[in-house]
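Here is entry-v4.cif, consisting of mmCIF, C-alpha atoms:
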```cif
data_data
loop_
_atom_site.label_atom_id
_atom_site.label_comp_id
_atom_site.auth_asym_id
_atom_site.auth_seq_id
_atom_site.Cartn_x
_atom_site.Cartn_y
_atom_site.Cartn_z
CA MET X 89 15.99 -2.60 11.93
CA SER X 90 17.96 -1.54 8.89
CA TRP X 91 18.19 -3.34 5.57
CA GLN X 92 21.77 -4.32 6.41
CA ASP X 93 20.58 -5.96 9.67
CA LEU X 94 18.10 -8.25 7.92
CA PRO X 95 19.87 -11.56 7.16
CA LEU X 96 19.46 -12.98 3.67
CA ASP X 97 17.65 -16.08 4.97
CA LEU X 98 15.13 -13.87 6.79
CA GLN X 99 14.61 -11.77 3.65
CA GLN X 100 13.86 -14.98 1.77
CA ARG X 101 11.52 -16.19 4.52
CA LEU X 102 9.54 -12.94 4.36
CA LEU X 103 9.44 -13.05 0.56
CA THR X 104 8.21 -16.65 0.51
CA ALA X 105 5.58 -15.90 3.16
CA SER X 106 4.32 -12.79 1.35
CA LEU X 107 4.12 -14.52 -2.02
CA GLY X 108 2.33 -17.44 -0.36
CA ALA X 109 -0.18 -15.07 1.21
CA ARG X 110 -0.63 -13.34 -2.15
CA ALA X 111 -1.82 -16.64 -3.59
CA HIS X 112 -4.79 -16.44 -1.16
CA SER X 113 -5.83 -12.94 -2.21
CA HIS X 114 -9.51 -12.39 -2.87
CA SER X 115 -9.25 -9.80 -5.65
CA PRO X 116 -11.94 -10.64 -8.23
CA TYR X 117 -12.64 -6.98 -9.05
CA SER X 118 -9.18 -5.50 -9.50
CA ASN X 119 -7.35 -8.75 -10.27
CA TYR X 120 -4.46 -7.17 -8.35
CA ALA X 121 -3.34 -9.68 -5.74
CA VAL X 122 -1.21 -8.37 -2.87
CA GLY X 123 0.49 -10.29 -0.07
CA ALA X 124 2.17 -9.02 3.08
CA ALA X 125 4.46 -10.61 5.63
CA ILE X 126 5.24 -8.86 8.91
CA LEU X 127 8.19 -9.74 11.14
CA ASP X 128 7.32 -9.03 14.76
CA ASP X 129 9.65 -8.23 17.64
CA GLU X 130 9.77 -11.91 18.65
CA GLY X 131 10.94 -13.05 15.21
CA ARG X 132 7.57 -14.46 14.16
CA VAL X 133 6.18 -13.87 10.67
CA HIS X 134 2.50 -12.99 10.19
CA VAL X 135 0.86 -12.93 6.76
CA GLY X 136 -2.12 -11.39 5.04
CA ALA X 137 -3.59 -10.82 1.59
CA ASN X 138 -5.88 -8.18 0.18
CA ILE X 139 -9.56 -9.07 0.38
CA GLU X 140 -11.91 -7.15 -1.90
CA ASN X 141 -15.63 -6.71 -1.52
CA ALA X 142 -18.30 -5.98 -4.15
CA ALA X 143 -19.39 -3.03 -2.00
CA TYR X 144 -16.29 -0.89 -2.52
CA PRO X 145 -14.51 0.30 -0.39
CA GLN X 146 -15.40 -2.36 2.14
CA GLY X 147 -12.40 -4.60 1.37
CA TRP X 148 -9.11 -4.47 3.22
CA CYS X 149 -5.45 -4.46 2.35
CA ALA X 150 -2.86 -7.20 2.80
CA GLU X 151 -0.95 -5.15 5.37
CA ALA X 152 -4.07 -4.67 7.50
CA THR X 153 -4.81 -8.40 7.33
CA ALA X 154 -1.24 -9.23 8.39
CA LEU X 155 -1.34 -6.69 11.22
CA GLY X 156 -4.57 -8.28 12.45
CA ALA X 157 -2.91 -11.70 12.40
CA MET X 158 0.07 -10.30 14.33
CA VAL X 159 -2.11 -8.74 17.01
CA MET X 160 -4.22 -11.89 17.35
CA ALA X 161 -1.02 -13.89 17.86
CA GLY X 162 0.03 -11.54 20.67
CA GLY X 163 2.47 -9.42 18.68
CA ARG X 164 2.60 -5.69 19.32
CA ARG X 165 5.67 -4.41 17.44
CA ALA X 166 6.51 -4.81 13.76
CA ARG X 167 10.21 -4.87 12.82
CA ALA X 168 9.92 -5.40 9.05
CA VAL X 169 7.15 -5.65 6.46
CA LEU X 170 7.45 -7.20 3.03
CA VAL X 171 4.67 -6.36 0.56
CA SER X 172 4.41 -8.24 -2.73
CA GLY X 173 2.39 -7.41 -5.80
CA PRO X 174 2.19 -8.80 -9.31
CA GLY X 175 4.93 -6.58 -10.77
CA PRO X 176 6.41 -5.10 -12.82
CA ASP X 177 5.55 -1.85 -11.01
CA ILE X 178 6.94 -1.51 -7.49
CA ILE X 179 4.22 -1.68 -4.84
CA THR X 180 4.21 0.24 -1.56
CA PRO X 181 1.67 0.31 1.26
CA CYS X 182 -1.21 2.73 0.64
CA GLY X 183 -1.56 5.80 2.85
CA GLY X 184 -4.02 4.12 5.21
CA CYS X 185 -1.75 1.12 5.65
CA ARG X 186 1.25 3.35 6.26
CA GLN X 187 -0.67 4.85 9.18
CA LYS X 188 -1.75 1.39 10.39
CA LEU X 189 1.89 0.24 10.27
CA ARG X 190 2.87 3.38 12.21
CA GLU X 191 0.64 2.21 15.07
CA PHE X 192 2.79 -0.91 15.47
CA GLY X 193 6.16 0.23 14.15
CA ALA X 194 8.72 2.93 14.74
CA ALA X 195 10.03 5.40 12.20
CA ASP X 196 12.80 2.93 11.30
CA LEU X 197 10.35 0.11 10.48
CA LEU X 198 11.74 -1.59 7.38
CA ILE X 199 9.31 -1.68 4.43
CA ILE X 200 10.30 -4.01 1.58
CA ALA X 201 8.67 -4.15 -1.87
CA ALA X 202 8.71 -7.34 -3.91
CA ASP X 203 7.03 -9.23 -6.72
CA PRO X 204 7.30 -12.81 -8.01
CA GLY X 205 10.76 -11.92 -9.39
CA GLY X 206 12.10 -11.08 -5.93
CA ILE X 207 12.83 -8.10 -3.72
CA ARG X 208 12.78 -4.83 -5.64
CA GLN X 209 13.30 -1.96 -3.20
CA HIS X 210 13.20 -1.00 0.48
CA TRP X 211 12.55 2.05 2.65
CA THR X 212 11.96 2.96 6.26
CA LEU X 213 8.48 3.94 7.36
CA GLU X 214 9.87 7.44 8.00
CA GLU X 215 10.79 7.71 4.31
CA LEU X 216 7.26 6.68 3.25
CA LEU X 217 5.39 8.54 6.00
CA PRO X 218 7.44 11.56 7.11
CA PHE X 219 6.36 13.64 10.09
CA SER X 220 3.86 10.96 11.09
CA PHE X 221 1.38 11.01 13.94
CA GLY X 222 1.71 8.06 16.30
CA PRO X 223 0.68 6.72 19.70
CA GLU X 224 3.31 8.79 21.51
CA HIS X 225 1.47 11.96 20.46
CA LEU X 226 -1.50 11.04 22.62
CA ASN X 227 0.35 11.42 25.97
CA LYS X 228 -2.15 9.32 27.89
CA PRO X 229 -1.72 9.49 31.69
#
```
Would you put the structure from the file into structure tokens?
Amino acid sequence: MSWQDLPLDLQQRLLTASLGARAHSHSPYSNYAVGAAILDDEGRVHVGANIENAAYPQGWCAEATALGAMVMAGGRRARAVLVSGPGPDIITPCGGCRQKLREFGAADLLIIAADPGGIRQHWTLEELLPFSFGPEHLNKP
């Protein structure tokens, strides 16, 4: 899915969902709340927030939480991901989350960065994780 293919109302739906998830972040150590909203191949939106743990690095990222929610709801393919942080700096998925997103998304997976002021920037997963390793590399019989 390209940025041009994502209707404005769907962009707003993802933004609202991500910001809503961000409000549930458990980030008492960094005070850096992150929310994520994933659009699956059936048009459903799945959300997650970062959840920190006193025993670093045992917490998990918003994208991982949202992917878990998607899988538990029966989703297997991500079409778009909107990640929101506090601003003003633009937030992108960390390296580990980029690889987790690669498991459930193609090279053209749309990654959108936002903050409470709105959508700031967008990329494809290929732009953020070039020459990635994915399930197709494992040629299972």
Given only C-alpha atoms as the counted atoms, nearest of X:Gly205, X:Gly156, X:Gly175, X:Pro95 to His134 in chain X: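 Checking each candidate against His134 in chain X, we get X:Gly156 as the closest.
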Sorted by chain and rising residue number, which residues of range 149-223 of chain X lie within 12 Å of range 118-129 of chain X, and what are their closest atom pairs and distances in Å to one decimal, counting only C-alpha atoms, as JSON lines?
```
{"residue": "X:Cys149", "atom": "CA", "partner": "X:Val122", "partner_atom": "CA", "distance": 7.8}
{"residue": "X:Ala150", "atom": "CA", "partner": "X:Ala124", "partner_atom": "CA", "distance": 5.4}
{"residue": "X:Glu151", "atom": "CA", "partner": "X:Ala124", "partner_atom": "CA", "distance": 5.5}
{"residue": "X:Ala152", "atom": "CA", "partner": "X:Ala124", "partner_atom": "CA", "distance": 8.8}
{"residue": "X:Thr153", "atom": "CA", "partner": "X:Ala124", "partner_atom": "CA", "distance": 8.2}
{"residue": "X:Ala154", "atom": "CA", "partner": "X:Ala124", "partner_atom": "CA", "distance": 6.3}
{"residue": "X:Leu155", "atom": "CA", "partner": "X:Ile126", "partner_atom": "CA", "distance": 7.3}
{"residue": "X:Gly156", "atom": "CA", "partner": "X:Ile126", "partner_atom": "CA", "distance": 10.4}
{"residue": "X:Ala157", "atom": "CA", "partner": "X:Ile126", "partner_atom": "CA", "distance": 9.3}
{"residue": "X:Met158", "atom": "CA", "partner": "X:Asp128", "partner_atom": "CA", "distance": 7.4}
{"residue": "X:Val159", "atom": "CA", "partner": "X:Asp128", "partner_atom": "CA", "distance": 9.7}
{"residue": "X:Ala161", "atom": "CA", "partner": "X:Asp128", "partner_atom": "CA", "distance": 10.1}
{"residue": "X:Gly162", "atom": "CA", "partner": "X:Asp128", "partner_atom": "CA", "distance": 9.7}
{"residue": "X:Gly163", "atom": "CA", "partner": "X:Asp128", "partner_atom": "CA", "distance": 6.2}
{"residue": "X:Arg164", "atom": "CA", "partner": "X:Asp128", "partner_atom": "CA", "distance": 7.4}
{"residue": "X:Arg165", "atom": "CA", "partner": "X:Asp129", "partner_atom": "CA", "distance": 5.5}
{"residue": "X:Ala166", "atom": "CA", "partner": "X:Asp128", "partner_atom": "CA", "distance": 4.4}
{"residue": "X:Arg167", "atom": "CA", "partner": "X:Asp128", "partner_atom": "CA", "distance": 5.4}
{"residue": "X:Ala168", "atom": "CA", "partner": "X:Leu127", "partner_atom": "CA", "distance": 5.1}
{"residue": "X:Val169", "atom": "CA", "partner": "X:Ile126", "partner_atom": "CA", "distance": 4.5}
{"residue": "X:Leu170", "atom": "CA", "partner": "X:Ala125", "partner_atom": "CA", "distance": 5.2}
{"residue": "X:Val171", "atom": "CA", "partner": "X:Ala124", "partner_atom": "CA", "distance": 4.4}
{"residue": "X:Ser172", "atom": "CA", "partner": "X:Gly123", "partner_atom": "CA", "distance": 5.2}
{"residue": "X:Gly173", "atom": "CA", "partner": "X:Val122", "partner_atom": "CA", "distance": 4.7}
{"residue": "X:Pro174", "atom": "CA", "partner": "X:Ala121", "partner_atom": "CA", "distance": 6.6}
{"residue": "X:Gly175", "atom": "CA", "partner": "X:Tyr120", "partner_atom": "CA", "distance": 9.7}
{"residue": "X:Pro176", "atom": "CA", "partner": "X:Tyr120", "partner_atom": "CA", "distance": 11.9}
{"residue": "X:Asp177", "atom": "CA", "partner": "X:Tyr120", "partner_atom": "CA", "distance": 11.6}
{"residue": "X:Ile178", "atom": "CA", "partner": "X:Val122", "partner_atom": "CA", "distance": 11.6}
{"residue": "X:Ile179", "atom": "CA", "partner": "X:Val122", "partner_atom": "CA", "distance": 8.8}
{"residue": "X:Thr180", "atom": "CA", "partner": "X:Val122", "partner_atom": "CA", "distance": 10.3}
{"residue": "X:Pro181", "atom": "CA", "partner": "X:Ala124", "partner_atom": "CA", "distance": 9.5}
{"residue": "X:Cys182", "atom": "CA", "partner": "X:Val122", "partner_atom": "CA", "distance": 11.6}
{"residue": "X:Cys185", "atom": "CA", "partner": "X:Ala124", "partner_atom": "CA", "distance": 11.2}
{"residue": "X:Leu189", "atom": "CA", "partner": "X:Ile126", "partner_atom": "CA", "distance": 9.8}
{"residue": "X:Phe192", "atom": "CA", "partner": "X:Asp128", "partner_atom": "CA", "distance": 9.3}
{"residue": "X:Gly193", "atom": "CA", "partner": "X:Asp128", "partner_atom": "CA", "distance": 9.4}
{"residue": "X:Ala194", "atom": "CA", "partner": "X:Asp129", "partner_atom": "CA", "distance": 11.6}
{"residue": "X:Leu197", "atom": "CA", "partner": "X:Leu127", "partner_atom": "CA", "distance": 10.1}
{"residue": "X:Leu198", "atom": "CA", "partner": "X:Leu127", "partner_atom": "CA", "distance": 9.7}
{"residue": "X:Ile199", "atom": "CA", "partner": "X:Ile126", "partner_atom": "CA", "distance": 9.4}
{"residue": "X:Ile200", "atom": "CA", "partner": "X:Ala124", "partner_atom": "CA", "distance": 9.7}
{"residue": "X:Ala201", "atom": "CA", "partner": "X:Ala124", "partner_atom": "CA", "distance": 9.5}
{"residue": "X:Ala202", "atom": "CA", "partner": "X:Gly123", "partner_atom": "CA", "distance": 9.5}
{"residue": "X:Asp203", "atom": "CA", "partner": "X:Val122", "partner_atom": "CA", "distance": 9.1}
{"residue": "X:Pro204", "atom": "CA", "partner": "X:Gly123", "partner_atom": "CA", "distance": 10.8}
```
Selected residues written out with C-alpha atoms, as a tab-separated table (two decimals), keeping the file's coordinate frame:
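Written output follows (result_28.tsv):
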```tsv
chain	number	residue	atom	x	y	z
X	149	CYS	CA	-5.45	-4.46	2.35
X	150	ALA	CA	-2.86	-7.20	2.80
X	151	GLU	CA	-0.95	-5.15	5.37
X	152	ALA	CA	-4.07	-4.67	7.50
X	153	THR	CA	-4.81	-8.40	7.33
X	154	ALA	CA	-1.24	-9.23	8.39
X	155	LEU	CA	-1.34	-6.69	11.22
X	156	GLY	CA	-4.57	-8.28	12.45
X	157	ALA	CA	-2.91	-11.70	12.40
X	158	MET	CA	0.07	-10.30	14.33
X	159	VAL	CA	-2.11	-8.74	17.01
X	161	ALA	CA	-1.02	-13.89	17.86
X	162	GLY	CA	0.03	-11.54	20.67
X	163	GLY	CA	2.47	-9.42	18.68
X	164	ARG	CA	2.60	-5.69	19.32
X	165	ARG	CA	5.67	-4.41	17.44
X	166	ALA	CA	6.51	-4.81	13.76
X	167	ARG	CA	10.21	-4.87	12.82
X	168	ALA	CA	9.92	-5.40	9.05
X	169	VAL	CA	7.15	-5.65	6.46
X	170	LEU	CA	7.45	-7.20	3.03
X	171	VAL	CA	4.67	-6.36	0.56
X	172	SER	CA	4.41	-8.24	-2.73
X	173	GLY	CA	2.39	-7.41	-5.80
X	174	PRO	CA	2.19	-8.80	-9.31
X	175	GLY	CA	4.93	-6.58	-10.77
X	176	PRO	CA	6.41	-5.10	-12.82
X	177	ASP	CA	5.55	-1.85	-11.01
X	178	ILE	CA	6.94	-1.51	-7.49
X	179	ILE	CA	4.22	-1.68	-4.84
X	180	THR	CA	4.21	0.24	-1.56
X	181	PRO	CA	1.67	0.31	1.26
X	182	CYS	CA	-1.21	2.73	0.64
X	185	CYS	CA	-1.75	1.12	5.65
X	189	LEU	CA	1.89	0.24	10.27
X	192	PHE	CA	2.79	-0.91	15.47
X	193	GLY	CA	6.16	0.23	14.15
X	194	ALA	CA	8.72	2.93	14.74
X	197	LEU	CA	10.35	0.11	10.48
X	198	LEU	CA	11.74	-1.59	7.38
X	199	ILE	CA	9.31	-1.68	4.43
X	200	ILE	CA	10.30	-4.01	1.58
X	201	ALA	CA	8.67	-4.15	-1.87
X	202	ALA	CA	8.71	-7.34	-3.91
X	203	ASP	CA	7.03	-9.23	-6.72
X	204	PRO	CA	7.30	-12.81	-8.01
```
In Å, rounded to a single decimal, give me how far CA of Arg110 in chain X is from CA of Gln146 in chain X.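 One can read the CA of Gln146 in chain X to CA of Arg110 in chain X distance as 18.9 Å.
Each of X:Phe219, X:Ser113, X:Gln209, X:Gln99 was compared to Trp148 in chain X using all atoms listed in the file, and X:Ser113 turns out to be the nearest.
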Calculated over only C-alpha atoms, which of the candidates X:Ser90, X:Gln100, X:Gln187, X:Asn141 has the smallest distance to His114 in chain X?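 For His114 in chain X, the nearest of the candidates is X:Asn141.
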Suppose you want the space between CA of Ile207 in chain X and CA of Leu102 in chain X; what is it in Å? 10.0 Å
Quick one: pull the distance between CA of Glu215 in chain X and CA of Gln92 in chain X, Å, one decimal. 16.4 Å
Near-Leu98 in chain X list (10 Å; all atoms listed in the file; drop same-chain fewer than 4 positions) as a ChimeraX atom specification: /X:94,102-104,127,131,133
